[in-house]
Structures are given as structure tokens and as C-alpha cells.
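K.L.:
I am sharing coords_9.csv, which consists of CSV, C-alpha atoms and all ligand atoms:
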```csv
chain,number,residue,atom,x,y,z
A,1,SER,CA,0.6,32.1,11.2
A,2,ARG,CA,-2.2,29.6,11.8
A,3,VAL,CA,-4.2,28.8,8.8
A,4,ASN,CA,-7.5,26.9,8.6
A,5,ALA,CA,-7.7,23.8,6.6
A,6,ALA,CA,-11.1,22.9,5.3
A,7,VAL,CA,-11.8,19.2,5.8
A,8,GLU,CA,-14.8,17.4,4.6
A,9,ALA,CA,-15.8,14.7,7.1
A,10,ILE,CA,-16.7,11.3,5.6
A,11,PRO,CA,-20.5,11.0,5.5
A,12,LEU,CA,-20.3,7.2,5.9
A,13,TYR,CA,-20.1,7.5,9.7
A,14,SER,CA,-23.2,8.6,11.5
A,15,GLY,CA,-22.7,11.8,13.4
A,16,LEU,CA,-19.8,12.8,11.2
A,17,SER,CA,-21.6,14.1,8.1
A,18,ARG,CA,-20.8,17.8,8.6
A,19,VAL,CA,-18.0,19.7,7.1
A,20,GLU,CA,-15.5,20.6,9.8
A,21,ARG,CA,-12.9,23.2,9.7
A,22,VAL,CA,-9.7,22.0,11.3
A,23,LYS,CA,-7.3,24.6,12.7
A,24,GLN,CA,-3.8,23.7,11.8
A,25,GLU,CA,-1.6,22.9,14.8
A,26,LYS,CA,2.1,22.7,15.4
A,27,PHE,CA,3.6,19.5,16.7
A,28,SER,CA,5.3,21.7,19.4
A,29,ASP,CA,1.8,22.4,20.8
A,30,LEU,CA,1.0,18.8,21.4
A,31,PRO,CA,0.9,17.5,24.9
A,32,VAL,CA,3.7,15.0,24.3
A,33,SER,CA,7.2,14.4,25.8
A,34,GLU,CA,10.2,16.5,25.0
A,35,LYS,CA,11.9,13.4,23.7
A,36,THR,CA,9.2,12.9,21.1
A,37,LEU,CA,9.0,16.7,20.3
A,38,ASP,CA,12.8,16.7,19.7
A,39,ALA,CA,12.6,13.7,17.4
A,40,LEU,CA,9.7,15.3,15.5
A,41,ALA,CA,11.7,18.5,15.1
A,42,ALA,CA,14.8,16.6,14.0
A,43,ALA,CA,12.7,14.9,11.3
A,44,ASP,CA,11.4,18.3,10.2
A,45,TYR,CA,7.8,17.7,11.1
A,46,GLU,CA,6.3,21.0,11.9
A,47,THR,CA,2.6,21.3,11.2
A,48,LEU,CA,0.0,18.6,11.7
A,49,THR,CA,-2.0,17.4,8.8
A,50,ALA,CA,-5.8,17.5,9.1
A,51,ILE,CA,-6.3,13.8,10.1
A,52,GLN,CA,-3.4,14.2,12.6
A,53,THR,CA,-5.1,17.2,14.2
A,54,LEU,CA,-8.3,15.1,14.6
A,55,ALA,CA,-6.8,11.7,15.5
A,56,ILE,CA,-3.7,12.3,17.6
A,57,PRO,CA,-5.5,13.9,20.6
A,58,GLN,CA,-8.0,11.0,20.6
A,59,GLY,CA,-5.2,8.5,20.5
A,60,LEU,CA,-3.4,10.3,23.3
A,61,ARG,CA,-6.6,10.4,25.3
A,62,GLY,CA,-6.7,6.6,25.2
A,63,SER,CA,-9.9,6.4,23.1
A,64,ASP,CA,-10.6,3.5,20.8
A,65,ALA,CA,-11.1,4.9,17.3
A,66,LEU,CA,-12.0,4.0,13.7
A,67,ILE,CA,-10.1,6.4,11.5
A,68,ALA,CA,-10.4,6.9,7.7
A,69,ALA,CA,-8.4,9.3,5.5
A,70,PRO,CA,-6.9,9.1,2.0
A,71,THR,CA,-3.5,7.7,1.2
A,72,GLY,CA,-0.8,10.3,1.8
A,73,SER,CA,-2.8,12.2,4.5
A,74,GLY,CA,-0.3,11.3,7.2
A,75,LYS,CA,-2.0,8.4,9.1
A,76,THR,CA,1.3,6.9,10.3
A,77,LEU,CA,2.0,9.6,12.9
A,78,CYS,CA,-1.7,9.3,14.0
A,79,PHE,CA,-0.7,6.1,15.7
A,80,VAL,CA,3.0,6.2,16.1
A,81,ILE,CA,2.8,9.3,18.4
A,82,PRO,CA,0.1,7.8,20.7
A,83,VAL,CA,1.9,4.5,20.8
A,84,ILE,CA,5.2,6.0,22.0
A,85,GLU,CA,3.6,8.5,24.4
A,86,LEU,CA,1.5,5.8,26.1
A,87,LEU,CA,4.6,3.7,26.8
A,88,TRP,CA,6.6,6.7,27.8
A,89,ARG,CA,3.9,7.8,30.3
A,90,SER,CA,3.7,4.3,31.6
A,91,ARG,CA,7.5,4.4,32.2
A,92,TRP,CA,7.8,1.3,30.1
A,93,SER,CA,11.0,-0.6,30.4
A,94,SER,CA,12.6,-3.5,28.7
A,95,LEU,CA,11.3,-5.8,31.4
A,96,ASP,CA,7.7,-4.9,30.5
A,97,GLY,CA,7.8,-6.6,27.2
A,98,ILE,CA,5.4,-5.9,24.3
A,99,GLY,CA,3.3,-2.8,25.0
A,100,ALA,CA,2.1,-2.0,21.5
A,101,ILE,CA,1.5,-4.0,18.3
A,102,ILE,CA,1.1,-2.3,14.9
A,103,LEU,CA,-0.4,-4.6,12.3
A,104,THR,CA,-0.2,-3.7,8.6
A,105,PRO,CA,-1.0,-5.8,5.5
A,106,THR,CA,2.4,-5.9,3.7
A,107,ARG,CA,6.1,-6.2,4.5
A,108,GLU,CA,6.8,-3.0,2.6
A,109,LEU,CA,4.3,-1.0,4.7
A,110,ALA,CA,5.7,-2.6,7.9
A,111,VAL,CA,9.3,-1.5,7.0
A,112,GLN,CA,8.1,2.1,6.3
A,113,ILE,CA,6.2,2.2,9.6
A,114,PHE,CA,9.2,0.7,11.4
A,115,GLU,CA,11.4,3.5,10.0
A,116,VAL,CA,9.0,6.2,11.4
A,117,VAL,CA,8.8,4.4,14.8
A,118,THR,CA,12.7,4.2,14.9
A,119,GLN,CA,13.0,7.9,13.9
A,120,LEU,CA,10.7,9.0,16.7
A,121,LEU,CA,12.2,6.7,19.3
A,122,LYS,CA,15.6,8.3,18.8
A,123,MET,CA,15.6,10.0,22.2
A,124,HIS,CA,13.6,7.3,24.0
A,125,HIS,CA,14.7,4.1,25.7
A,126,ILE,CA,11.7,2.3,24.2
A,127,THR,CA,12.6,-0.5,21.7
A,128,ALA,CA,10.9,-1.6,18.5
A,129,GLY,CA,11.0,-4.8,16.5
A,130,LEU,CA,9.9,-5.8,13.0
A,131,VAL,CA,8.0,-9.1,12.6
A,132,ILE,CA,7.4,-9.7,8.9
A,133,GLY,CA,9.0,-13.0,8.0
A,134,GLY,CA,11.8,-13.3,5.4
A,135,LYS,CA,14.2,-14.2,8.2
A,136,SER,CA,14.1,-17.3,10.4
A,137,LEU,CA,11.6,-17.4,13.2
A,138,ALA,CA,14.4,-17.8,15.6
A,139,THR,CA,16.1,-14.6,14.5
A,140,GLU,CA,12.9,-12.7,14.8
A,141,GLN,CA,12.2,-14.3,18.2
A,142,ARG,CA,15.5,-12.8,19.6
A,143,HIS,CA,14.3,-9.4,18.5
A,144,ILE,CA,10.8,-9.9,19.9
A,145,ASP,CA,12.2,-10.7,23.3
A,146,ARG,CA,13.7,-7.2,23.5
A,147,ALA,CA,10.9,-5.2,21.7
A,148,ASN,CA,8.4,-3.0,23.4
A,149,ILE,CA,6.7,-2.0,20.1
A,150,LEU,CA,6.1,-4.7,17.4
A,151,VAL,CA,5.5,-3.7,13.8
A,152,ALA,CA,4.1,-6.8,12.2
A,153,THR,CA,2.2,-8.5,9.3
A,154,PRO,CA,-0.8,-10.5,10.6
A,155,GLY,CA,0.4,-14.0,9.3
A,156,ARG,CA,3.8,-13.7,10.8
A,157,LEU,CA,2.5,-12.3,14.2
A,158,LEU,CA,0.1,-15.3,14.5
A,159,GLN,CA,3.0,-17.7,13.6
A,160,HIS,CA,4.9,-16.3,16.6
A,161,MET,CA,1.9,-16.6,18.8
A,162,ASP,CA,1.5,-20.2,17.8
A,163,GLU,CA,5.1,-21.4,17.5
A,164,SER,CA,7.5,-19.1,19.5
A,165,VAL,CA,8.0,-20.5,23.0
A,166,GLY,CA,7.7,-17.7,25.5
A,167,PHE,CA,6.0,-15.2,23.1
A,168,SER,CA,3.8,-13.0,25.3
A,169,ALA,CA,1.7,-10.0,24.6
A,170,ASP,CA,0.0,-10.2,28.0
A,171,ASN,CA,1.1,-6.6,28.8
A,172,LEU,CA,-0.3,-5.2,25.6
A,173,LYS,CA,-1.7,-1.6,26.0
A,174,LEU,CA,-2.3,-0.5,22.4
A,175,LEU,CA,-3.2,-2.3,19.2
A,176,VAL,CA,-3.1,-0.6,15.8
A,177,LEU,CA,-4.7,-2.1,12.7
A,178,ASP,CA,-3.3,-0.1,9.8
A,179,GLU,CA,-5.0,-0.4,6.4
A,180,ALA,CA,-7.5,-2.9,7.9
A,181,ASP,CA,-9.5,-3.1,4.6
A,182,ARG,CA,-6.4,-4.3,2.8
A,183,ILE,CA,-5.6,-6.7,5.6
A,184,LEU,CA,-9.0,-8.3,5.0
A,185,ASP,CA,-8.7,-8.0,1.2
A,186,LEU,CA,-5.6,-10.1,1.4
A,187,GLY,CA,-7.5,-12.9,3.1
A,188,PHE,CA,-6.4,-12.3,6.7
A,189,GLU,CA,-9.9,-12.4,8.3
A,190,ARG,CA,-9.4,-15.7,10.1
A,191,THR,CA,-5.8,-14.7,11.0
A,192,MET,CA,-7.1,-11.4,12.6
A,193,GLU,CA,-9.8,-13.3,14.5
A,194,ALA,CA,-7.2,-15.7,15.9
A,195,ILE,CA,-4.8,-12.8,16.8
A,196,LEU,CA,-7.6,-10.9,18.6
A,197,ASP,CA,-8.5,-14.2,20.4
A,198,ASN,CA,-4.9,-14.2,21.8
A,199,LEU,CA,-5.0,-10.6,23.0
A,200,SER,CA,-6.4,-9.3,26.2
A,201,SER,CA,-9.3,-7.0,25.6
A,202,ASP,CA,-8.0,-4.6,28.3
A,203,ARG,CA,-6.3,-2.4,25.8
A,204,GLN,CA,-6.7,0.6,23.5
A,205,THR,CA,-7.3,-0.1,19.8
A,206,MET,CA,-6.9,2.2,16.8
A,207,LEU,CA,-8.3,0.9,13.5
A,208,PHE,CA,-7.5,2.6,10.2
A,209,SER,CA,-9.4,1.8,7.0
A,210,ALA,CA,-10.0,3.7,3.8
A,211,THR,CA,-13.3,1.9,3.1
A,212,GLN,CA,-16.2,0.7,5.2
A,213,THR,CA,-16.9,-2.8,3.9
A,214,LYS,CA,-19.0,-5.4,5.8
A,215,SER,CA,-15.9,-7.2,6.9
A,216,VAL,CA,-14.2,-4.0,8.2
A,217,LYS,CA,-17.4,-3.4,10.2
A,218,ALA,CA,-17.2,-6.9,11.6
A,219,LEU,CA,-13.5,-6.5,12.5
A,220,ALA,CA,-14.3,-3.1,14.1
A,221,LYS,CA,-17.0,-4.7,16.2
A,222,LEU,CA,-14.6,-7.5,17.2
A,223,SER,CA,-11.7,-5.2,18.1
A,224,LEU,CA,-13.0,-1.8,19.2
A,225,GLU,CA,-14.9,-0.7,22.3
A,226,ASP,CA,-17.1,2.4,22.2
A,227,PRO,CA,-15.0,3.9,19.4
A,228,GLN,CA,-14.7,7.5,18.2
A,229,TYR,CA,-15.3,7.8,14.4
A,230,ILE,CA,-12.8,10.1,12.7
A,231,GLY,CA,-12.7,10.7,9.0
A,232,ILE,CA,-11.6,13.1,6.3
A,233,LYS,CA,-12.2,12.9,2.6
A,234,GLN,CA,-9.8,15.4,1.4
A,235,VAL,CA,-7.0,17.6,2.6
A,236,GLU,CA,-6.6,21.2,1.4
B,301,LIG,P1,-0.8,7.6,4.9
B,301,LIG,O1,-0.5,6.5,5.8
B,301,LIG,O2,-2.0,8.4,5.3
B,301,LIG,O3,-0.8,7.2,3.5
B,301,LIG,P2,1.8,8.6,5.6
B,301,LIG,O4,1.8,8.6,7.1
B,301,LIG,O5,2.6,7.5,5.0
B,301,LIG,O6,0.4,8.7,5.0
B,301,LIG,O7,2.5,10.0,5.2
B,301,LIG,C1,2.6,10.4,3.8
B,301,LIG,C2,3.8,11.3,3.7
B,301,LIG,O8,3.6,12.5,4.3
B,301,LIG,C3,5.1,10.7,4.3
B,301,LIG,O9,6.2,11.0,3.4
B,301,LIG,C4,5.2,11.5,5.6
B,301,LIG,O10,6.6,11.6,6.0
B,301,LIG,C5,4.6,12.8,5.2
B,301,LIG,N1,4.0,13.5,6.4
B,301,LIG,C6,3.2,13.0,7.3
B,301,LIG,N2,2.8,13.9,8.2
B,301,LIG,C7,3.4,15.0,7.9
B,301,LIG,C8,3.4,16.4,8.4
B,301,LIG,N3,2.6,16.6,9.5
B,301,LIG,N4,4.1,17.3,7.8
B,301,LIG,C9,4.9,17.0,6.7
B,301,LIG,N5,4.9,15.8,6.2
B,301,LIG,C10,4.2,14.8,6.7
B,302,MG,MG,-0.3,4.5,5.7
```
Once more with this new file: its structure as C-alpha cells, please.
Ligand code: ADP
Ligand code: MG
P.N.:
Amino acid sequence: SRVNAAVEAIPLYSGLSRVERVKQEKFSDLPVSEKTLDALAAADYETLTAIQTLAIPQGLRGSDALIAAPTGSGKTLCFVIPVIELLWRSRWSSLDGIGAIILTPTRELAVQIFEVVTQLLKMHHITAGLVIGGKSLATEQRHIDRANILVATPGRLLQHMDESVGFSADNLKLLVLDEADRILDLGFERTMEAILDNLSSDRQTMLFSATQTKSVKALAKLSLEDPQYIGIKQVE
């Protein structure tokens, strides 16, 4: 049976100060590939969380978005599903190189996200790589050469852009900035500017941030085009 979840939209964003009621949806109702649905079912994901109900359709539609929701609300699938579906719909192959980059502040978060990406790619021929340092640049370089989706920390990604011969993100279709506020808190502002400088602006961008600081707003301005603002304060 379908239940309604009351979701209080975050009043920080103009136009999103009302309380919305979000109807709970099943993953099986999403307009996504059988391969992704099978992997979601195998991982026992059944009902979307509130932020997933609001954000996944926007992501699938190709909209740039600024998304805010508390820790534990399920933000990872808000970007992993659109990332995989975009490449699947584009019939992405190993020859097409890097189609999506997911940036997150810490190695630990990158490893967690990489596990979700790998789980949902189980039935797909799309590949993923982890770019977080700790191993030699050369070892990571070999993985990058084969990866369609990169999960990376900002410092290490920029290092590859600067130092890895042949590194190319020219085909990039989707950029995800996860926990953007923490990325900036950790002092990666200049690094982010340099990364964005290296990327074509002809792409979709999803920016996730728990807070709306001045520097997040500046990063949003730099990275997003005509974004949708999606936020929830609490999940019931
Ligand atoms: P956030 O990034 O917002 O902190 P995560 O994406 O890390 O949240 O998800 C938090 C936890 O909730 C994870 O253990 C994840 O597997 C689980 N989870 C996410 N979405 C769902 C869902 N739709 N149904 C059940 N569990 C979910
Ligand atoms: Mg998260």
C-alpha cells in the first residue's frame, strides 16, 4: 500500500518554503533500465526515500540540481541511479571513456559510494574506478583508462588532470558534487575551481550540500546552470 510521507521543504531556497507531501514510490515504478531495476531488487531496495522521490526524476530528466537533505536520507542513490541510466541510455562503451565523475570529500565516503555504484552496475557493462590516492598514481591511471564512472576525491582527481598523461574527461556527461559543503570546509575551494576549469560546461551537474554557505553558493554558481532546488529537512 502506498503511504504518504510528510516532508518539510527547506525554507532556505526561494520557492521551496512550502511543506510538500511526497507520495512514496517503488523503485520498480521508476523509468529506468531492467538491469538497474534487477540490481536494485537484488540489493533489497524497494521504496524510495523522500529525497529520492524528489531528486531522482530530476536527475533522470537531465536537470542541473542543488539538493539538500540530512545525513542518512539516502542521497547516494539520488545520483548513482541517474549516472548509470544516463550512460546506459547513451549506449556508453569502454571506448567512450569517462562519462561521469562523482566527487566526494573523503576516501571513506568515496569507498562507500563506489560500493553502491558497483552493486548497481552488476548487470551493466559500464565500468567504475576509484580515484582517492593511497596507491601509486600509475596504478590508478591503469584503472582510469578503463573507467566510465569515476568516484574521486578532489585533490587526487586534480592530480590526475595535471600529471597523468592521456587523462581525458572530454566526454563527461554528468558531474556529481557530493557533500559540497564539506569539500569546501576541507579547503578544496581552489581545487574545485581548477577541476571545473578543466571540464567542459556541456554537462549535467548535481550538487549536494547540507548547508548553504557563501562558498557553497559560489560553487553552485560556478558549476550549475539554471538549477532545480530540491530540499528536505526531515524524513518521516
Ligand atoms: P546520505 O548520503 O543521505 O547520508 P546514504 O545514501 O548513505 O544517505 O543512505 C543511508 C543508508 O540508507 C544506507 O545504508 C543506504 O543503504 C540506505 N538506503 C538508502 N536508500 C534506501 C531506500 N530507498 N530504502 C532502504 N534503504 C535505503
Ligand atoms: Mg552521503
K.L.:
So, counting only C-alpha atoms and all ligand atoms, which residue among A:Leu130, A:Ala210, A:Ile195, A:Val32 is closest to ligand MG 302 (chain B)?
P.N.:
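Looking only at the distances to ligand MG 302 (chain B), the closest residue turns out to be A:Ala210.
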K.L.:
Could you give me, as number ranges by chain, the residues within 9 Å of stretch 105-111 of chain A, counting all atoms listed in the file and dropping anything in the same chain fewer than 3 positions from it?
P.N.:
A: 102, 114-116, 130-133, 151-154, 177-184, 186, 188
K.L.:
Enter the distance from atom CA of A:Leu121 to atom C9 of ligand LIG 301 (chain B), in Å, rounded to one decimal.
P.N.:
17.8 Å
K.L.:
For each of A:Lys135, A:Arg91, A:Lys26, A:Lys75, take the minimum atom-to-atom distance to ligand LIG 301 (chain B), counting all atoms listed in the file, then give the residue where this is smallest.
P.N.:
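Closest candidate: A:Lys75.
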K.L.:
Go ahead and compute the interatomic distance for atom CA of A:Asn148 and atom CA of A:Lys221, in Å to one decimal.
P.N.:
26.5 Å
K.L.:
Show me a table, sorted first by chain and then by increasing residue number, of the residues of chain A having an atom at most 9 Å from ligand MG 302 (chain B), each with its shortest atom pair and the distance in Å to one decimal, counting only C-alpha atoms and all ligand atoms and written as a Markdown table.
P.N.:
```
| residue | atom | partner | partner_atom | distance |
| --- | --- | --- | --- | --- |
| A:Pro70 | CA | B:MG302 | MG | 8.9 |
| A:Thr71 | CA | B:MG302 | MG | 6.4 |
| A:Gly72 | CA | B:MG302 | MG | 7.0 |
| A:Ser73 | CA | B:MG302 | MG | 8.2 |
| A:Gly74 | CA | B:MG302 | MG | 7.0 |
| A:Lys75 | CA | B:MG302 | MG | 5.4 |
| A:Thr76 | CA | B:MG302 | MG | 5.4 |
| A:Thr104 | CA | B:MG302 | MG | 8.7 |
| A:Leu109 | CA | B:MG302 | MG | 7.2 |
| A:Gln112 | CA | B:MG302 | MG | 8.8 |
| A:Ile113 | CA | B:MG302 | MG | 7.9 |
| A:Asp178 | CA | B:MG302 | MG | 6.9 |
| A:Glu179 | CA | B:MG302 | MG | 6.8 |
| A:Phe208 | CA | B:MG302 | MG | 8.7 |
```
K.L.:
I'd like to know which of A:Leu224, A:Ala218, A:Met161, A:Met123 is closest to A:Ala194, using all atoms listed in the file.
P.N.:
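Between A:Leu224, A:Ala218, A:Met161, A:Met123, the residue approaching A:Ala194 most closely is A:Met161.
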K.L.:
Just checking: using all atoms listed in the file, which residue out of A:Gln58, A:Ser223, A:Gln24, A:Thr47 ends up closest to ligand LIG 301 (chain B)?
P.N.:
A:Thr47
K.L.:
Counting all atoms listed in the file, write as a ChimeraX atom specification all protein and nucleic acid residues lying at most 12 Å from (-3.7, 11.2, 10.4) in the file's frame.
P.N.:
/A:47-59,65-82,178,206-210,230-235
K.L.:
I'd like to know which of A:Ser215, A:Ile126, A:His160, A:Gln228 is closest to A:Leu87, using all atoms listed in the file.
P.N.:
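Among the listed residues, the smallest separation from A:Leu87 belongs to A:Ile126.
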K.L.:
For A:Ile149, which of A:Leu137, A:Leu196, A:Ile101, A:Leu120 is the closest residue, counting all atoms listed in the file?
P.N.:
A:Ile101
K.L.:
For the atom pair atom CA of A:Glu225 and atom CA of A:Arg190, what is the interatomic distance in Å to one decimal place?
P.N.:
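Distance between the two atoms: 20.1 Å.
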K.L.:
Which polymer residues have any atom within 9 Å of an atom of A:Ser33, counting all atoms listed in the file, with same-chain residues fewer than 6 positions away left out, as a list in words?
P.N.:
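Skipping anything fewer than 6 positions along the chain leaves Glu85, Trp88 and Arg89 of chain A.
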K.L.:
Counting only C-alpha atoms, which residues come within 9 Å of (13.4, -21.9, 18.3), with the point read in the file's coordinates, and could you list them as number ranges by chain?
P.N.:
A: 137-139, 141, 163-165
K.L.:
For the selection just defined, write its residues with C-alpha atoms to a file, as an mmCIF file, in the frame of the given file.
P.N.:
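So the final result, stored in out.cif, reads:
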```cif
data_model
loop_
_atom_site.group_PDB
_atom_site.id
_atom_site.type_symbol
_atom_site.label_atom_id
_atom_site.label_comp_id
_atom_site.auth_asym_id
_atom_site.auth_seq_id
_atom_site.Cartn_x
_atom_site.Cartn_y
_atom_site.Cartn_z
ATOM 1 C CA LEU A 137 11.600 -17.400 13.200
ATOM 2 C CA ALA A 138 14.400 -17.800 15.600
ATOM 3 C CA THR A 139 16.100 -14.600 14.500
ATOM 4 C CA GLN A 141 12.200 -14.300 18.200
ATOM 5 C CA GLU A 163 5.100 -21.400 17.500
ATOM 6 C CA SER A 164 7.500 -19.100 19.500
ATOM 7 C CA VAL A 165 8.000 -20.500 23.000
#
```
